[in-house]
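These notes concern the structure reproduced below.
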Amino acid sequence: MTRLPEYRFAGRTAVLTGAASGIGEQLAYGLAHRGSDLVLADVDESRLTPVADRIRTAHPAISVQTVVADLADRAAVEALATRVLTDHPAIGLLVNNAGIALGGRFDQVTTDQFEQVMNVNFRAPMLLTHALLPALTATPGGHLVNVSSLFGLIAPPGQSAYCASKFALRGLSESLRGELIDNGVGVTTVHPGGIKTRIAESALVGSHVPQDEIEPHRKLFAALLSYPPEKAAEQILRAVAKRKARLLVASSAKAPDLLARLLPVGHARIVRAATVAASSRGARPAVIKR
């Protein structure tokens with residue numbers, strides 16, 4: 001396969017979704033520090049605006065554009081893509097980072113909830129990538145980052161929607177890597193483990209999950225999200241520079257990945273046993289690690 005040169009950040013435009021907090025916020029700071037102009041998208045305007053203001057203050061030479069968009073809405077995704085193409089006919093980097101979680105067994109979530117997760121975590125990156133390919137390939141040396149998850153590597157009980165979306169994004173990314181290389185575009189799939197973000201507190205909960213289980217589960221998994229997002233962002237940007245195909249962030253992603261490789265079938269029993277053990281302590285996972 002063709003070997004691409006290192007990605008050059010300075011003087012190029014990066015489009016980043018989920019930029020208002022967590023990994024996305026830290027990626028925005030890191031990209032600005034490296035000299036990238038930015039298009040930052042998020043559904044939460046109250047958090048996105050201060051991020052953009054901080055970057056403009058620290059890096060006055062950088063162009064920072066913000067777009068408030070609900071990526072669960074197909075029309076909003078298409079409007080975002082149209083705006084990017086209008087303002088930036090050539091971009092260097094697209095980072096599909098935005099994501100939502102949904103806790104509960106398959107029979108405890110509604111199909112509408114399931115589809116909402118699929119729409120944000122998979123359909124939006126697919127649509128945005130497809131629409132922005134002309135801009136991404138307009139000049140040589142572009143790069144695409146899709147943020148999957150630990151749960152794009154293993155699939156524990158209680159996470160059917162999230163796992164389905166992240167496995168799908170992983171599959172799309174790996175196929176695109178083989179397709180886009182001839183256009184001089186690299187692709188990195190990122191699998192974060194327990195990153196300290198807001199995903200636990202903002203997670204959706206299945207409509208039929210018992211009310212008394214919800215808050216204890218949020219607190220448990222919030223405690224498990226301990227890896228600093230700034231460290232995760234730095235690793236991602238280094239992986240982009242080196243054109244790495246895949247990045248596992250934190251030992252909480254690396255150990256399960258190794259287990260799945262060593263025991264392609266048997267690891268599922270171990271994952272289920274760990275989930276059941278957590279449940280027996282009154283902590284059935286109602287939210288995921290990202």
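Residue names in the structure tokens use chain letters A, B, ... in the order shown, residue numbers from 1 in each chain, and ligand numbers from 1 in the order shown.
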
Legend entry - Residue neighbourhood Thr66 (chain A), 6 Å, only C-alpha atoms, exclusion window fewer than 3 positions, as a PyMOL selection string: chain A and resi 39-41

Legend entry - Residue contacts of region 1-7 of chain A (10 Å, only C-alpha atoms) excluding same-chain residues fewer than 4 positions away, as number ranges by chain: A: 92-93, 140-143, 178, 181-182, 184-186, 237-244

Inset, instruction - Would you work out the distance separating CA of Gly22 (chain A) from CA of Ala161 (chain A), expressed in Å to one decimal? - result: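 CA of Ala161 (chain A) lies 21.3 Å from CA of Gly22 (chain A).
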
Legend entry - Contacts of His88 (chain A) within 12 Å, only C-alpha atoms, excl. fewer than 4 positions in-chain, as a ChimeraX atom specification: /A:12-15,37-39,63,65,80-84,92-93,132,134-136,138-139

Legend entry - 6 Å contact set for region 116-122 of chain A, only C-alpha atoms, chain neighbours under 5 positions out, as a PyMOL selection string: chain A and resi 71-72+99+165+169

Legend entry - Å distance separating CA of Thr129 (chain A) from CA of Arg246 (chain A), one decimal place: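 These two atoms are separated by 17.8 Å.
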
Inset, instruction - Return the single residue from A:Leu16, A:Ala90, A:Val43, A:Ala233 that is closest to Asp73 (chain A), with distances computed using only C-alpha atoms. - result: A:Val43

Legend entry - Separation of CA of Ala131 (chain A) from CA of Arg34 (chain A), in Å and rounded to one decimal: 25.7 Å

Inset, instruction - Could you please write out, as a ChimeraX atom specification, every residue of region 26-185 of chain A that DSSP assigns to strand (DSSP E)? - result: /A:37-42,64-68,93-96,102-103,143-147

Legend entry - Distance criterion (only C-alpha atoms): nearest to Pro89 (chain A) out of A:Thr137, A:Ile55, A:Thr111, A:Ala32: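 The closest residue to Pro89 (chain A) is A:Thr137.
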
Inset, instruction - Would you mind listing what lies within 9 Å of Ser160 (chain A) as a VMD selection string, with only C-alpha atoms counted and same-chain residues fewer than 2 positions away left out? - result: chain A and resid 102 to 106 114 155 to 158 162 to 165

Please, could you write that set of residues out with N, CA and C atoms as a CSV table (one decimal), in the first residue's frame?
```
chain,number,residue,atom,x,y,z
A,102,LEU,N,-26.2,5.2,24.8
A,102,LEU,CA,-27.5,4.8,25.2
A,102,LEU,C,-27.4,3.5,26.1
A,103,GLY,N,-27.8,3.6,27.3
A,103,GLY,CA,-27.7,2.4,28.2
A,103,GLY,C,-29.0,1.6,28.3
A,104,GLY,N,-28.8,0.3,28.5
A,104,GLY,CA,-30.0,-0.5,28.7
A,104,GLY,C,-29.9,-1.7,27.7
A,105,ARG,N,-30.5,-2.8,28.2
A,105,ARG,CA,-30.6,-4.0,27.3
A,105,ARG,C,-31.4,-3.7,26.1
A,106,PHE,N,-31.3,-4.5,25.0
A,106,PHE,CA,-32.0,-4.3,23.8
A,106,PHE,C,-33.5,-4.2,24.0
A,114,PHE,N,-32.7,3.7,19.7
A,114,PHE,CA,-31.6,3.0,18.9
A,114,PHE,C,-31.2,3.7,17.7
A,155,ALA,N,-18.1,-6.2,22.5
A,155,ALA,CA,-19.6,-5.8,22.5
A,155,ALA,C,-20.2,-6.4,23.8
A,156,PRO,N,-20.1,-5.7,24.9
A,156,PRO,CA,-20.7,-6.2,26.1
A,156,PRO,C,-22.2,-6.1,26.1
A,157,PRO,N,-22.9,-6.9,26.9
A,157,PRO,CA,-24.4,-6.8,27.1
A,157,PRO,C,-24.8,-5.4,27.6
A,158,GLY,N,-25.9,-5.0,27.2
A,158,GLY,CA,-26.4,-3.7,27.6
A,158,GLY,C,-26.0,-2.5,26.8
A,162,TYR,N,-25.0,1.3,21.0
A,162,TYR,CA,-23.7,1.9,20.9
A,162,TYR,C,-22.7,1.0,20.2
A,163,CYS,N,-22.7,-0.3,20.5
A,163,CYS,CA,-21.8,-1.2,19.9
A,163,CYS,C,-22.1,-1.3,18.4
A,164,ALA,N,-23.3,-1.4,18.0
A,164,ALA,CA,-23.7,-1.4,16.6
A,164,ALA,C,-23.2,-0.2,15.8
A,165,SER,N,-23.3,1.0,16.4
A,165,SER,CA,-22.9,2.2,15.8
A,165,SER,C,-21.4,2.3,15.6
```

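Among the candidates A:Ser36, A:Leu27, A:Leu248, A:Leu133, the residue lying nearest to Glu179 (chain A) is A:Leu133 (atoms considered: only C-alpha atoms).
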
Inset, instruction - Rank nothing, just name the residue among A:Ile91, A:Val145, A:Gly24, A:Asp44 nearest to Ala10 (chain A), using only C-alpha atoms. - result: A:Ile91

Inset, instruction - Excluding Asp53 (chain A) and any residue of its chain fewer than 6 positions from it, enumerate the residues within 10 Å of it, using only C-alpha atoms, and give them as a ChimeraX atom specification. - result: /A:59-60,64

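Closest approach to Gly35 (chain A) among A:Asp70, A:Thr57, A:Gly11, A:Val95: A:Gly11, based on only C-alpha atoms.
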
Inset, instruction - Name the residues of region 54-106 of chain A that fall into helix (DSSP H, G or I) according to DSSP on the backbone, using the chain letters and numbers of this document, as a PyMOL selection string. - result: chain A and resi 54-58+74-87+106

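For the set A:Ile236, A:Tyr227, A:Ser46, A:Val209, the residue with the smallest atom-to-atom gap to Thr110 (chain A) is A:Val209, counting only C-alpha atoms.
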
Contacts of Thr17 (chain A) at 6 Å (only C-alpha atoms; same-chain gap of 4+ positions) as a CSV table (one decimal) with N, CA and C atoms, in the first residue's frame:
```
chain,number,residue,atom,x,y,z
A,41,ALA,N,-18.0,22.0,15.1
A,41,ALA,CA,-19.4,21.8,15.2
A,41,ALA,C,-19.8,21.1,16.5
A,42,ASP,N,-20.9,21.4,17.0
A,42,ASP,CA,-21.5,20.8,18.2
A,42,ASP,C,-22.9,21.2,18.3
A,96,ASN,N,-14.5,13.1,12.7
A,96,ASN,CA,-15.8,12.7,13.1
A,96,ASN,C,-15.7,12.2,14.6
A,97,ASN,N,-15.9,13.1,15.5
A,97,ASN,CA,-15.7,12.8,16.9
A,97,ASN,C,-17.0,12.7,17.7
A,98,ALA,N,-18.1,13.4,17.3
A,98,ALA,CA,-19.3,13.5,18.0
A,98,ALA,C,-19.9,12.2,18.2
```
